[in-house]
file protein_3.tsv (TSV, C-alpha atoms and all ligand atoms)
chain	number	residue	atom	x	y	z
A	27	MET	CA	72.19	123.55	132.18
A	28	VAL	CA	70.84	126.23	129.83
A	29	GLN	CA	74.34	127.68	129.56
A	30	GLU	CA	75.61	124.24	128.60
A	31	TRP	CA	73.19	124.08	125.66
A	32	ILE	CA	74.09	127.60	124.51
A	33	GLU	CA	77.81	126.77	124.54
A	34	ALA	CA	77.14	123.43	122.81
A	35	ARG	CA	75.36	125.23	119.99
A	36	THR	CA	78.23	127.69	119.65
A	37	LEU	CA	80.59	124.75	119.29
A	38	ILE	CA	78.40	122.91	116.76
A	39	HIS	CA	77.86	126.09	114.79
A	40	LYS	CA	81.58	126.66	114.43
A	41	LEU	CA	82.22	123.10	113.25
A	42	ASN	CA	79.29	123.24	110.81
A	43	GLN	CA	80.50	126.56	109.40
A	44	ASN	CA	83.85	124.96	108.70
A	45	GLY	CA	82.17	122.24	106.69
A	46	TYR	CA	82.02	119.47	109.31
A	47	GLN	CA	78.69	117.82	110.04
A	48	THR	CA	78.24	117.94	113.81
A	49	TYR	CA	75.55	116.75	116.23
A	50	ILE	CA	74.79	116.38	119.92
A	51	VAL	CA	74.35	112.68	120.64
A	52	GLY	CA	73.53	110.18	123.34
A	53	GLY	CA	72.74	110.92	126.96
A	54	ALA	CA	72.18	114.67	126.64
A	55	VAL	CA	69.47	114.30	123.96
A	56	ARG	CA	67.84	111.45	125.89
A	57	ASP	CA	67.86	113.42	129.14
A	58	LEU	CA	66.50	116.53	127.42
A	59	PHE	CA	63.39	114.56	126.43
A	60	LEU	CA	63.11	112.99	129.85
A	61	GLY	CA	63.50	116.33	131.61
A	62	ARG	CA	66.45	114.93	133.57
A	63	LYS	CA	69.57	116.75	134.64
A	64	ILE	CA	72.24	116.33	131.96
A	65	ALA	CA	75.51	114.71	133.07
A	66	ASP	CA	77.56	115.76	130.06
A	67	VAL	CA	77.07	116.77	126.42
A	68	ASP	CA	78.67	114.38	123.94
A	69	ILE	CA	79.25	115.64	120.43
A	70	VAL	CA	79.94	113.73	117.23
A	71	THR	CA	81.54	115.34	114.19
A	72	THR	CA	82.94	114.45	110.80
A	73	ALA	CA	86.08	116.46	111.68
A	74	THR	CA	89.13	114.49	112.81
A	75	SER	CA	90.48	115.18	116.28
A	76	LYS	CA	93.35	117.13	114.71
A	77	GLU	CA	90.88	119.32	112.83
A	78	VAL	CA	88.87	119.89	116.02
A	79	SER	CA	92.00	120.86	117.94
A	80	GLU	CA	92.97	123.35	115.25
A	81	LEU	CA	89.57	125.08	115.35
A	82	PHE	CA	89.34	125.66	119.08
A	83	GLU	CA	91.69	127.33	121.49
A	84	LYS	CA	91.22	125.14	124.54
A	85	THR	CA	91.39	121.46	123.69
A	86	VAL	CA	92.81	118.26	125.19
A	87	GLN	CA	93.21	115.01	123.27
A	88	MET	CA	91.67	112.18	125.31
A	89	ASN	CA	93.53	108.98	125.78
A	90	ASN	CA	90.89	106.46	124.70
A	91	GLN	CA	90.22	104.09	121.87
A	92	HIS	CA	87.93	106.57	120.09
A	93	GLN	CA	89.08	109.81	118.58
A	94	THR	CA	87.88	112.13	121.30
A	95	VAL	CA	88.94	115.69	122.04
A	96	LEU	CA	87.87	117.65	125.11
A	97	VAL	CA	86.89	121.14	124.04
A	98	ARG	CA	86.27	124.02	126.38
A	99	VAL	CA	83.78	126.70	125.38
A	100	GLY	CA	83.20	129.35	128.05
A	101	GLN	CA	82.90	127.48	131.33
A	102	GLU	CA	81.72	124.24	129.73
A	103	LEU	CA	83.64	121.14	128.66
A	104	PHE	CA	82.52	118.97	125.77
A	105	GLU	CA	83.65	115.59	124.51
A	106	VAL	CA	83.93	115.84	120.75
A	107	THR	CA	84.34	112.47	119.04
A	108	THR	CA	85.05	111.79	115.39
A	109	LEU	CA	82.33	109.87	113.61
A	110	ARG	CA	82.76	106.08	113.68
A	111	GLY	CA	81.92	104.51	110.34
A	112	ALA	CA	81.31	106.15	107.01
A	113	ARG	CA	77.93	107.71	107.74
A	114	PHE	CA	76.46	109.45	110.73
A	115	GLU	CA	73.42	107.12	110.74
A	116	GLU	CA	75.79	104.17	110.97
A	117	ASP	CA	77.42	105.62	114.09
A	118	LEU	CA	74.01	106.03	115.71
A	119	MET	CA	72.93	102.48	114.87
A	120	ARG	CA	76.02	101.09	116.57
A	121	ARG	CA	75.29	102.62	119.97
A	122	ASP	CA	74.25	100.53	122.96
A	123	LEU	CA	70.56	101.36	123.31
A	124	THR	CA	68.02	103.01	121.04
A	125	ILE	CA	67.33	105.67	123.69
A	126	ASN	CA	71.03	106.57	123.52
A	127	SER	CA	71.05	106.68	119.72
A	128	LEU	CA	69.18	109.96	119.45
A	129	ALA	CA	70.97	112.95	117.98
A	130	MET	CA	70.20	116.62	117.53
A	131	ASP	CA	71.55	119.12	115.03
A	132	GLU	CA	72.35	122.79	115.47
A	133	GLN	CA	68.73	123.82	114.85
A	134	GLY	CA	67.46	121.37	117.45
A	135	VAL	CA	66.11	118.93	114.83
A	136	LEU	CA	65.99	115.36	116.14
A	137	ILE	CA	67.65	112.53	114.26
A	138	ASP	CA	66.20	109.19	115.25
A	139	VAL	CA	67.26	106.28	113.05
A	140	VAL	CA	66.29	103.41	115.36
A	141	ASN	CA	63.01	104.63	116.87
A	142	GLY	CA	64.64	105.71	120.09
A	143	LYS	CA	62.03	108.40	120.71
A	144	GLN	CA	59.30	105.77	120.72
A	145	ASP	CA	61.24	103.68	123.22
A	146	LEU	CA	61.64	106.75	125.40
A	147	SER	CA	57.88	107.27	125.47
A	148	LEU	CA	57.29	103.58	126.09
A	149	LYS	CA	59.94	103.70	128.82
A	150	ARG	CA	61.66	100.73	127.26
A	151	LEU	CA	65.30	99.68	126.99
A	152	ARG	CA	65.87	98.20	123.57
A	153	SER	CA	68.89	97.57	121.41
A	154	PHE	CA	68.89	97.74	117.66
A	155	ASP	CA	70.03	94.23	116.69
A	156	ALA	CA	70.56	93.27	120.34
A	157	LYS	CA	72.77	90.23	119.89
A	158	THR	CA	75.31	91.98	117.65
A	159	ARG	CA	75.38	95.01	119.95
A	160	MET	CA	75.89	93.02	123.14
A	161	ILE	CA	78.55	90.72	121.72
A	162	GLU	CA	80.42	93.63	120.10
A	163	ASP	CA	80.96	95.15	123.55
A	164	PRO	CA	79.65	93.02	126.45
A	165	LEU	CA	79.92	95.94	128.89
A	166	ARG	CA	76.68	97.09	127.27
A	167	MET	CA	74.84	94.37	129.19
A	168	LEU	CA	75.85	96.04	132.42
A	169	ARG	CA	74.93	99.42	130.94
A	170	VAL	CA	71.44	98.05	130.38
A	171	ALA	CA	71.24	97.33	134.13
A	172	ARG	CA	72.68	100.80	134.77
A	173	PHE	CA	70.02	102.57	132.72
A	174	MET	CA	67.34	100.41	134.30
A	175	SER	CA	68.58	101.52	137.70
A	176	GLU	CA	68.70	105.19	136.70
A	177	LEU	CA	65.53	105.39	134.62
A	178	GLY	CA	63.30	102.58	135.90
A	179	PHE	CA	62.49	101.49	132.34
A	180	THR	CA	61.40	98.00	131.38
A	181	ILE	CA	63.48	95.82	129.09
A	182	ASP	CA	62.59	94.60	125.61
A	183	SER	CA	62.22	90.79	125.47
A	184	ASP	CA	64.81	90.35	122.72
A	185	LEU	CA	67.40	92.22	124.78
A	186	LEU	CA	66.49	90.25	127.90
A	187	THR	CA	67.03	86.93	126.10
A	188	THR	CA	70.31	88.17	124.62
A	189	ILE	CA	71.67	89.04	128.07
A	190	THR	CA	70.49	85.73	129.53
A	191	ASP	CA	72.20	83.80	126.73
A	192	ASN	CA	75.43	85.79	126.49
A	193	HIS	CA	76.22	87.16	129.95
A	194	SER	CA	79.43	85.18	130.29
A	195	ASP	CA	80.99	87.39	127.57
A	196	ILE	CA	81.26	90.21	130.11
A	197	LYS	CA	84.03	88.31	131.93
A	198	LYS	CA	86.57	89.71	129.45
A	199	VAL	CA	85.69	93.37	130.02
A	200	ALA	CA	88.20	95.64	131.79
A	201	VAL	CA	87.41	96.07	135.45
A	202	GLU	CA	87.71	99.88	135.33
A	203	ARG	CA	84.79	100.03	132.90
A	204	VAL	CA	82.74	97.64	135.00
A	205	VAL	CA	83.29	99.62	138.18
A	206	LYS	CA	82.07	102.90	136.61
A	207	GLU	CA	78.76	101.31	135.64
A	208	TRP	CA	78.45	99.40	138.90
A	209	ILE	CA	78.60	102.54	141.02
A	210	LYS	CA	75.87	104.09	138.86
A	211	ILE	CA	73.75	100.96	139.36
A	212	LEU	CA	74.18	101.26	143.13
A	213	LYS	CA	73.17	104.93	143.09
A	214	GLY	CA	70.20	104.63	140.75
A	215	THR	CA	66.69	105.38	141.99
A	216	TYR	CA	65.41	102.08	140.58
A	217	ARG	CA	68.36	100.04	141.83
A	218	ASN	CA	66.16	97.18	142.96
A	219	GLN	CA	64.73	96.75	139.47
A	220	ALA	CA	68.29	96.49	138.12
A	221	PHE	CA	69.21	93.90	140.75
A	222	PHE	CA	66.26	91.79	139.70
A	223	LEU	CA	67.53	92.00	136.14
A	224	LEU	CA	70.98	90.83	137.25
A	225	LEU	CA	69.40	87.89	139.06
A	226	GLU	CA	66.87	87.05	136.37
A	227	THR	CA	69.42	86.98	133.55
A	228	GLY	CA	72.24	85.48	135.63
A	229	LEU	CA	74.44	88.42	134.60
A	230	TYR	CA	75.56	88.88	138.22
A	231	LYS	CA	77.53	85.61	137.98
A	232	SER	CA	79.71	86.89	135.14
A	233	ILE	CA	80.51	90.45	136.19
A	234	PRO	CA	84.29	90.34	136.58
A	235	ARG	CA	85.82	90.64	140.04
A	236	LEU	CA	82.73	91.86	141.88
A	237	SER	CA	82.01	88.35	143.23
A	238	LEU	CA	78.28	89.04	143.44
A	239	ASN	CA	76.00	86.39	144.85
A	240	PRO	CA	72.25	86.24	145.51
A	241	LYS	CA	72.70	86.73	149.26
A	242	ALA	CA	74.75	89.91	148.77
A	243	LEU	CA	72.25	91.22	146.23
A	244	GLU	CA	69.48	90.56	148.72
A	245	GLN	CA	71.40	92.60	151.29
A	246	LEU	CA	71.92	95.38	148.77
A	247	LEU	CA	68.18	95.38	148.08
A	248	THR	CA	67.50	96.28	151.72
A	249	LEU	CA	69.68	99.42	151.63
A	250	LYS	CA	68.00	102.82	151.56
A	251	SER	CA	68.71	104.97	148.49
A	252	LEU	CA	72.36	105.76	147.76
A	253	ALA	CA	71.43	108.42	145.20
A	254	ASP	CA	72.97	111.34	147.10
A	255	GLN	CA	75.80	109.42	148.73
A	256	SER	CA	79.52	109.69	148.06
A	257	GLU	CA	81.50	106.91	146.39
A	258	ILE	CA	83.12	106.23	149.75
A	259	ILE	CA	79.73	105.54	151.30
A	260	CYS	CA	78.60	103.44	148.34
A	261	TRP	CA	81.70	101.22	148.41
A	262	THR	CA	81.60	100.85	152.18
A	263	ALA	CA	77.92	99.92	152.04
A	264	PHE	CA	78.79	97.43	149.31
A	265	CYS	CA	81.48	95.83	151.54
A	266	LEU	CA	79.02	95.56	154.41
A	267	CYS	CA	76.44	93.86	152.20
A	268	MET	CA	79.12	91.51	150.88
A	269	ASP	CA	80.03	90.74	154.49
A	270	TYR	CA	83.62	91.92	153.94
A	271	LYS	CA	85.48	92.59	157.17
A	272	ASN	CA	87.96	94.91	155.47
A	273	GLU	CA	88.66	96.58	152.13
A	274	GLU	CA	91.02	93.81	150.91
A	275	PRO	CA	88.60	92.34	148.30
A	276	LEU	CA	88.19	95.79	146.71
A	277	LYS	CA	91.88	95.92	145.87
A	278	GLN	CA	91.37	94.05	142.62
A	279	LEU	CA	88.91	96.65	141.34
A	280	CYS	CA	91.50	99.30	140.44
A	281	LEU	CA	90.00	101.88	142.79
A	282	SER	CA	92.17	104.76	144.01
A	283	ASN	CA	94.29	104.30	147.11
A	284	ASP	CA	92.54	107.25	148.76
A	285	LEU	CA	89.19	105.58	148.27
A	286	LEU	CA	90.46	102.25	149.60
A	287	ARG	CA	91.91	103.95	152.67
A	288	ALA	CA	88.67	105.79	153.35
A	289	VAL	CA	86.64	102.57	153.08
A	290	LYS	CA	89.10	100.79	155.35
A	291	VAL	CA	88.68	103.28	158.23
A	292	ARG	CA	84.93	103.34	157.94
A	293	LEU	CA	84.73	99.55	158.02
A	294	SER	CA	87.00	99.38	161.01
A	295	PHE	CA	85.10	102.02	163.04
A	296	ASN	CA	81.83	100.47	161.96
A	297	GLN	CA	82.94	97.23	163.59
A	298	LYS	CA	83.64	99.07	166.83
A	299	ARG	CA	80.32	100.87	166.57
A	300	GLU	CA	78.51	97.55	166.31
A	301	LYS	CA	79.77	96.71	169.79
A	302	HIS	CA	79.12	100.03	171.54
A	303	SER	CA	78.21	103.66	170.90
A	304	TRP	CA	80.88	106.31	170.31
A	305	THR	CA	83.43	106.86	173.04
A	306	SER	CA	85.58	109.99	173.20
A	307	ILE	CA	88.70	108.12	172.18
A	308	ASP	CA	87.09	106.35	169.21
A	309	LEU	CA	85.69	109.65	168.03
A	310	TYR	CA	89.10	111.29	168.43
A	311	TYR	CA	90.82	108.57	166.41
A	312	SER	CA	88.17	108.42	163.71
A	313	SER	CA	87.46	112.19	163.35
A	314	ILE	CA	83.94	113.55	163.07
A	315	LYS	CA	83.66	113.00	159.31
A	316	VAL	CA	84.28	109.27	159.59
A	317	ALA	CA	81.94	108.97	162.58
A	318	GLN	CA	79.18	110.78	160.65
A	319	ASP	CA	79.70	108.41	157.74
A	320	VAL	CA	79.52	105.37	160.01
A	321	GLU	CA	76.22	106.65	161.39
A	322	LYS	CA	74.97	107.34	157.87
A	323	LEU	CA	75.82	103.76	156.92
A	324	ARG	CA	73.85	102.51	159.90
A	325	PHE	CA	70.89	104.60	158.77
A	326	LEU	CA	71.15	103.25	155.22
A	327	ARG	CA	71.10	99.72	156.63
A	328	GLY	CA	68.05	100.43	158.78
A	329	LEU	CA	69.99	100.27	162.07
A	330	PRO	CA	69.49	102.74	164.92
A	331	ARG	CA	71.82	105.71	164.54
A	332	GLN	CA	73.26	108.11	167.03
A	333	ASP	CA	71.76	111.56	166.84
A	334	GLU	CA	73.92	113.83	164.68
A	335	CYS	CA	73.75	116.82	167.07
A	336	GLU	CA	74.71	114.60	169.96
A	337	LEU	CA	77.69	113.23	168.03
A	338	ASN	CA	78.77	116.75	167.04
A	339	SER	CA	78.57	117.93	170.59
A	340	ILE	CA	80.78	115.06	171.86
A	341	TRP	CA	83.26	115.99	169.12
A	342	GLN	CA	83.14	119.70	169.99
A	343	SER	CA	83.71	118.99	173.65
A	344	LEU	CA	86.81	116.83	173.12
A	345	PRO	CA	89.79	118.50	174.87
A	346	ILE	CA	91.88	118.05	171.70
A	347	HIS	CA	91.05	117.07	168.12
A	348	SER	CA	94.46	116.13	166.79
A	349	ARG	CA	98.02	115.45	167.93
A	350	ALA	CA	98.96	119.01	166.95
A	351	GLU	CA	96.77	120.31	169.77
A	352	LEU	CA	98.50	118.17	172.41
A	353	ALA	CA	100.45	120.34	174.85
A	354	ILE	CA	103.57	118.18	174.65
A	355	THR	CA	105.71	117.06	171.74
A	356	GLY	CA	108.12	114.17	171.23
A	357	LYS	CA	110.94	116.60	171.90
A	358	ASP	CA	109.53	117.46	175.33
A	359	LEU	CA	109.34	113.77	176.20
A	360	LEU	CA	112.94	113.11	175.10
A	361	GLN	CA	114.12	115.91	177.37
A	362	GLU	CA	111.97	114.90	180.31
A	363	PHE	CA	112.61	111.14	180.26
A	364	LYS	CA	116.26	111.47	179.22
A	365	ARG	CA	116.08	108.43	177.00
A	366	GLU	CA	117.27	107.63	173.50
A	367	GLN	CA	114.70	107.95	170.73
A	368	GLY	CA	112.86	104.65	170.17
A	369	PRO	CA	109.46	102.96	169.94
A	370	TRP	CA	108.72	104.00	173.55
A	371	LEU	CA	108.30	107.59	172.34
A	372	LYS	CA	105.45	106.75	170.02
A	373	ASP	CA	103.75	104.72	172.77
A	374	ARG	CA	104.10	107.58	175.25
A	375	LEU	CA	102.62	110.09	172.81
A	376	LEU	CA	99.70	107.76	172.15
A	377	LEU	CA	99.17	107.36	175.86
A	378	ALA	CA	99.39	111.12	176.40
A	379	GLU	CA	96.67	111.65	173.78
A	380	LYS	CA	94.48	109.03	175.41
A	381	LEU	CA	94.90	110.52	178.89
A	382	VAL	CA	93.98	113.98	177.65
A	383	VAL	CA	91.06	112.87	175.46
A	384	GLU	CA	89.62	110.75	178.27
A	385	ARG	CA	90.10	113.68	180.67
A	386	LYS	CA	92.39	111.72	182.95
A	387	CYS	CA	94.62	114.77	182.90
A	388	LEU	CA	94.50	118.34	181.63
A	389	ASN	CA	96.10	119.27	178.35
A	390	GLU	CA	99.02	121.03	180.01
A	391	LYS	CA	102.64	120.10	179.60
A	392	PHE	CA	103.58	119.27	183.20
A	393	GLU	CA	100.21	117.68	184.00
A	394	ILE	CA	100.74	115.29	181.12
A	395	ILE	CA	104.32	114.51	182.12
A	396	ASP	CA	103.27	113.78	185.72
A	397	ALA	CA	100.44	111.58	184.53
A	398	LEU	CA	102.82	109.68	182.22
A	399	LYS	CA	105.25	109.13	185.08
A	400	GLU	CA	102.49	107.64	187.20
A	401	VAL	CA	101.48	104.92	184.74
A	501	LIG	P1	75.38	109.75	131.34
A	501	LIG	O1	74.17	110.58	131.46
A	501	LIG	O2	75.61	108.95	132.57
A	501	LIG	O3	76.61	110.48	130.87
A	501	LIG	P2	75.32	108.63	128.71
A	501	LIG	O4	74.21	107.94	127.99
A	501	LIG	O5	75.71	109.99	128.19
A	501	LIG	O6	74.96	108.68	130.24
A	501	LIG	P3	78.05	107.93	128.45
A	501	LIG	O7	78.76	106.81	129.14
A	501	LIG	O8	78.41	109.33	128.79
A	501	LIG	O9	76.52	107.66	128.70
A	501	LIG	O10	78.20	107.70	126.88
A	501	LIG	C1	77.75	108.68	125.93
A	501	LIG	C2	77.05	108.01	124.76
A	501	LIG	O11	77.98	107.17	124.08
A	501	LIG	C3	75.89	107.07	125.17
A	501	LIG	O12	74.67	107.76	125.26
A	501	LIG	C4	75.91	106.05	124.07
A	501	LIG	O13	75.23	106.52	122.94
A	501	LIG	C5	77.38	105.94	123.71
A	501	LIG	N1	78.06	104.86	124.43
A	501	LIG	C6	78.77	104.95	125.57
A	501	LIG	N2	79.30	103.78	125.92
A	501	LIG	C7	78.91	102.91	124.97
A	501	LIG	C8	79.15	101.53	124.75
A	501	LIG	N3	79.87	100.79	125.59
A	501	LIG	N4	78.62	100.99	123.65
A	501	LIG	C9	77.89	101.73	122.77
A	501	LIG	N5	77.62	103.01	122.94
A	501	LIG	C10	78.13	103.60	124.01
A	502	MG	MG	77.23	111.18	128.87
call {"tool": "encode", "arguments": {"input": "protein_3.tsv", "output": "structure tokens", "more": "lines below"}}
Ligand code: ATP
Ligand code: MG
result
Amino acid sequence: MVQEWIEARTLIHKLNQNGYQTYIVGGAVRDLFLGRKIADVDIVTTATSKEVSELFEKTVQMNNQHQTVLVRVGQELFEVTTLRGARFEEDLMRRDLTINSLAMDEQGVLIDVVNGKQDLSLKRLRSFDAKTRMIEDPLRMLRVARFMSELGFTIDSDLLTTITDNHSDIKKVAVERVVKEWIKILKGTYRNQAFFLLLETGLYKSIPRLSLNPKALEQLLTLKSLADQSEIICWTAFCLCMDYKNEEPLKQLCLSNDLLRAVKVRLSFNQKREKHSWTSIDLYYSSIKVAQDVEKLRFLRGLPRQDECELNSIWQSLPIHSRAELAITGKDLLQEFKREQGPWLKDRLLLAEKLVVERKCLNEKFEIIDALKEV
């Protein structure tokens, strides 16, 4: 973190020396005052993205609506955005919340045009000219819930009324943006406070494609903290609270296929686990990682979980852990059964795995073939 600040100052210094006014803005300044871990350092400058790219060796132009360039200094990456509006103060006033409108110059001097520092000490989420801010970009309403979940702050009454009156505007916001904030809401330490805000303002009804309802929010409220959990765990827990049987409803949220697949397996093994504890064959098919996640999900939902050591030892003692370890191959079966290739081959291999995993026969080529001939 210290290194990040040193590199940030190097970057600002260079831009300043070249005649561009440059500041650290937003989350990093806020988190510095709160003593929180900084997620990333955002920088605002009067230089255009072309000018920034010319000054630094390692830069990447970002593909967003603002003029943002990723700049690498040492090991650190910084988002450098060109000032919006004619004056720096104007840029700060147009940010979502006053606590995110703080800026700092190269010398560490604070620039606070909307009394953000006071709101930080009062632990209050406030927007400068709330209605204009929220209507300008309705995602900000969800960001309010996000910061409530992360920081546990209270909300200013003007902002609360604005969200209550205008929440339906969020329906137009792109789902990718919504999803990023939603996951942060789920992981926040004060998640329950944020859920109450969603319920109190009615915002939950308008969040696009999440299909939230009071019953699901109530279920989410009962979950233990997701702060240290992976996105896979968070989304699977979400599905369970929404009473989804599979990952189908998540498909409209523009999540990655890898994530969807991971949620799908966890949901499916979780269903099995609800009926009985882990059998060798389920564990073999799921793999230990998935089984551990299923148990973690049970823990998060307050359900009895299987002891982790016990689960590991069942896994360790499995005769094989993947098809590659099976002592026969499809080729062996073709030779032995003297049949044309076809669906029977896949079935036989599956059966061979099952026989070995369930210790009905040893993992040896001719033992397996004999056992297959007997069934
Ligand atoms: P984090 O610590 O999670 O990175 P952050 O406050 O830095 O939180 P970012 O999403 O990284 O949030 O945005 C950086 C800054 O840009 C914010 O602090 C805020 O000032 C501004 N910002 C981001 N999104 C919006 C928005 N939708 N409307 C207005 N200002 C925004
Ligand atoms: Mg940030």
call {"tool": "closest_residue", "arguments": {"input": "protein_3.tsv", "among": "A:Phe104, A:Trp261, A:Tyr46, A:Tyr230", "to": "Ile196 in chain A", "atoms": "only C-alpha atoms"}}
result
A:Tyr230
call {"tool": "residues_near_ligand", "arguments": {"input": "protein_3.tsv", "ligand": "ligand LIG 501 (chain A)", "cutoff": "6 Å", "atoms": "all atoms listed in the file", "output": "ChimeraX atom specification"}}
result
/A:52-53,65-66,121-122,126-127,165-166
call {"tool": "atom_distance", "arguments": {"input": "protein_3.tsv", "atom1": "CA of Ala242 in chain A", "atom2": "CA of Ser282 in chain A"}}
result
23.4 Å
call {"tool": "atom_distance", "arguments": {"input": "protein_3.tsv", "atom1": "CA of Gly100 in chain A", "atom2": "CA of Asp57 in chain A"}}
result
22.1 Å
call {"tool": "closest_residue", "arguments": {"input": "protein_3.tsv", "among": "A:Leu344, A:Ala54, A:Ile32, A:Met268", "to": "ligand MG 502 (chain A)", "atoms": "all atoms listed in the file"}}
result
A:Ala54
call {"tool": "closest_residue", "arguments": {"input": "protein_3.tsv", "among": "A:Asp195, A:Lys277, A:Arg120, A:Ala397", "to": "Thr158 in chain A", "atoms": "all atoms listed in the file"}}
result
A:Arg120
call {"tool": "residues_around", "arguments": {"input": "protein_3.tsv", "residues": "Glu336 in chain A", "least_positions_apart": "4", "cutoff": "12 Å", "atoms": "all atoms listed in the file", "output": "PyMOL selection string"}}
result
chain A and resi 303-304+314+317-318+321+331-332+340-343
call {"tool": "closest_residue", "arguments": {"input": "protein_3.tsv", "among": "A:Pro164, A:Glu176, A:Thr262, A:Ala171", "to": "Ser194 in chain A", "atoms": "all atoms listed in the file"}}
result
A:Pro164
call {"tool": "decode", "arguments": {"input": "protein_3.tsv", "residues": "range 143-154 of chain A", "atoms": "N, CA, C and O atoms", "output": "mmCIF file, in the first residue's frame"}}
result
data_model
loop_
_atom_site.group_PDB
_atom_site.id
_atom_site.type_symbol
_atom_site.label_atom_id
_atom_site.label_comp_id
_atom_site.auth_asym_id
_atom_site.auth_seq_id
_atom_site.Cartn_x
_atom_site.Cartn_y
_atom_site.Cartn_z
ATOM 1 N N LYS A 143 -15.154 15.591 3.835
ATOM 2 C CA LYS A 143 -14.419 15.202 5.037
ATOM 3 C C LYS A 143 -15.361 15.175 6.236
ATOM 4 O O LYS A 143 -15.307 14.270 7.068
ATOM 5 N N GLN A 144 -16.249 16.157 6.283
ATOM 6 C CA GLN A 144 -17.207 16.206 7.393
ATOM 7 C C GLN A 144 -18.131 14.978 7.352
ATOM 8 O O GLN A 144 -18.412 14.361 8.380
ATOM 9 N N ASP A 145 -18.573 14.626 6.152
ATOM 10 C CA ASP A 145 -19.434 13.447 6.030
ATOM 11 C C ASP A 145 -18.701 12.170 6.424
ATOM 12 O O ASP A 145 -19.300 11.267 7.001
ATOM 13 N N LEU A 146 -17.396 12.152 6.133
ATOM 14 C CA LEU A 146 -16.603 10.988 6.559
ATOM 15 C C LEU A 146 -16.594 10.889 8.077
ATOM 16 O O LEU A 146 -16.793 9.809 8.629
ATOM 17 N N SER A 147 -16.379 12.032 8.754
ATOM 18 C CA SER A 147 -16.353 11.956 10.220
ATOM 19 C C SER A 147 -17.729 11.675 10.790
ATOM 20 O O SER A 147 -17.841 11.036 11.830
ATOM 21 N N LEU A 148 -18.770 12.133 10.102
ATOM 22 C CA LEU A 148 -20.126 11.853 10.592
ATOM 23 C C LEU A 148 -20.614 10.469 10.160
ATOM 24 O O LEU A 148 -21.717 10.063 10.493
ATOM 25 N N LYS A 149 -19.775 9.800 9.390
ATOM 26 C CA LYS A 149 -20.130 8.480 8.833
ATOM 27 C C LYS A 149 -21.472 8.554 8.118
ATOM 28 O O LYS A 149 -22.410 7.827 8.420
ATOM 29 N N ARG A 150 -21.522 9.473 7.140
ATOM 30 C CA ARG A 150 -22.786 9.738 6.464
ATOM 31 C C ARG A 150 -22.616 9.715 4.949
ATOM 32 O O ARG A 150 -21.669 10.282 4.407
ATOM 33 N N LEU A 151 -23.553 9.051 4.281
ATOM 34 C CA LEU A 151 -23.549 9.044 2.812
ATOM 35 C C LEU A 151 -24.438 10.187 2.349
ATOM 36 O O LEU A 151 -25.633 10.232 2.663
ATOM 37 N N ARG A 152 -23.835 11.117 1.628
ATOM 38 C CA ARG A 152 -24.588 12.275 1.166
ATOM 39 C C ARG A 152 -24.164 12.584 -0.263
ATOM 40 O O ARG A 152 -23.025 12.292 -0.656
ATOM 41 N N SER A 153 -25.089 13.137 -1.011
ATOM 42 C CA SER A 153 -24.765 13.524 -2.375
ATOM 43 C C SER A 153 -24.944 15.018 -2.492
ATOM 44 O O SER A 153 -25.913 15.557 -1.960
ATOM 45 N N PHE A 154 -24.012 15.649 -3.207
ATOM 46 C CA PHE A 154 -24.169 17.087 -3.412
ATOM 47 C C PHE A 154 -25.217 17.271 -4.513
ATOM 48 O O PHE A 154 -25.002 16.813 -5.639
#
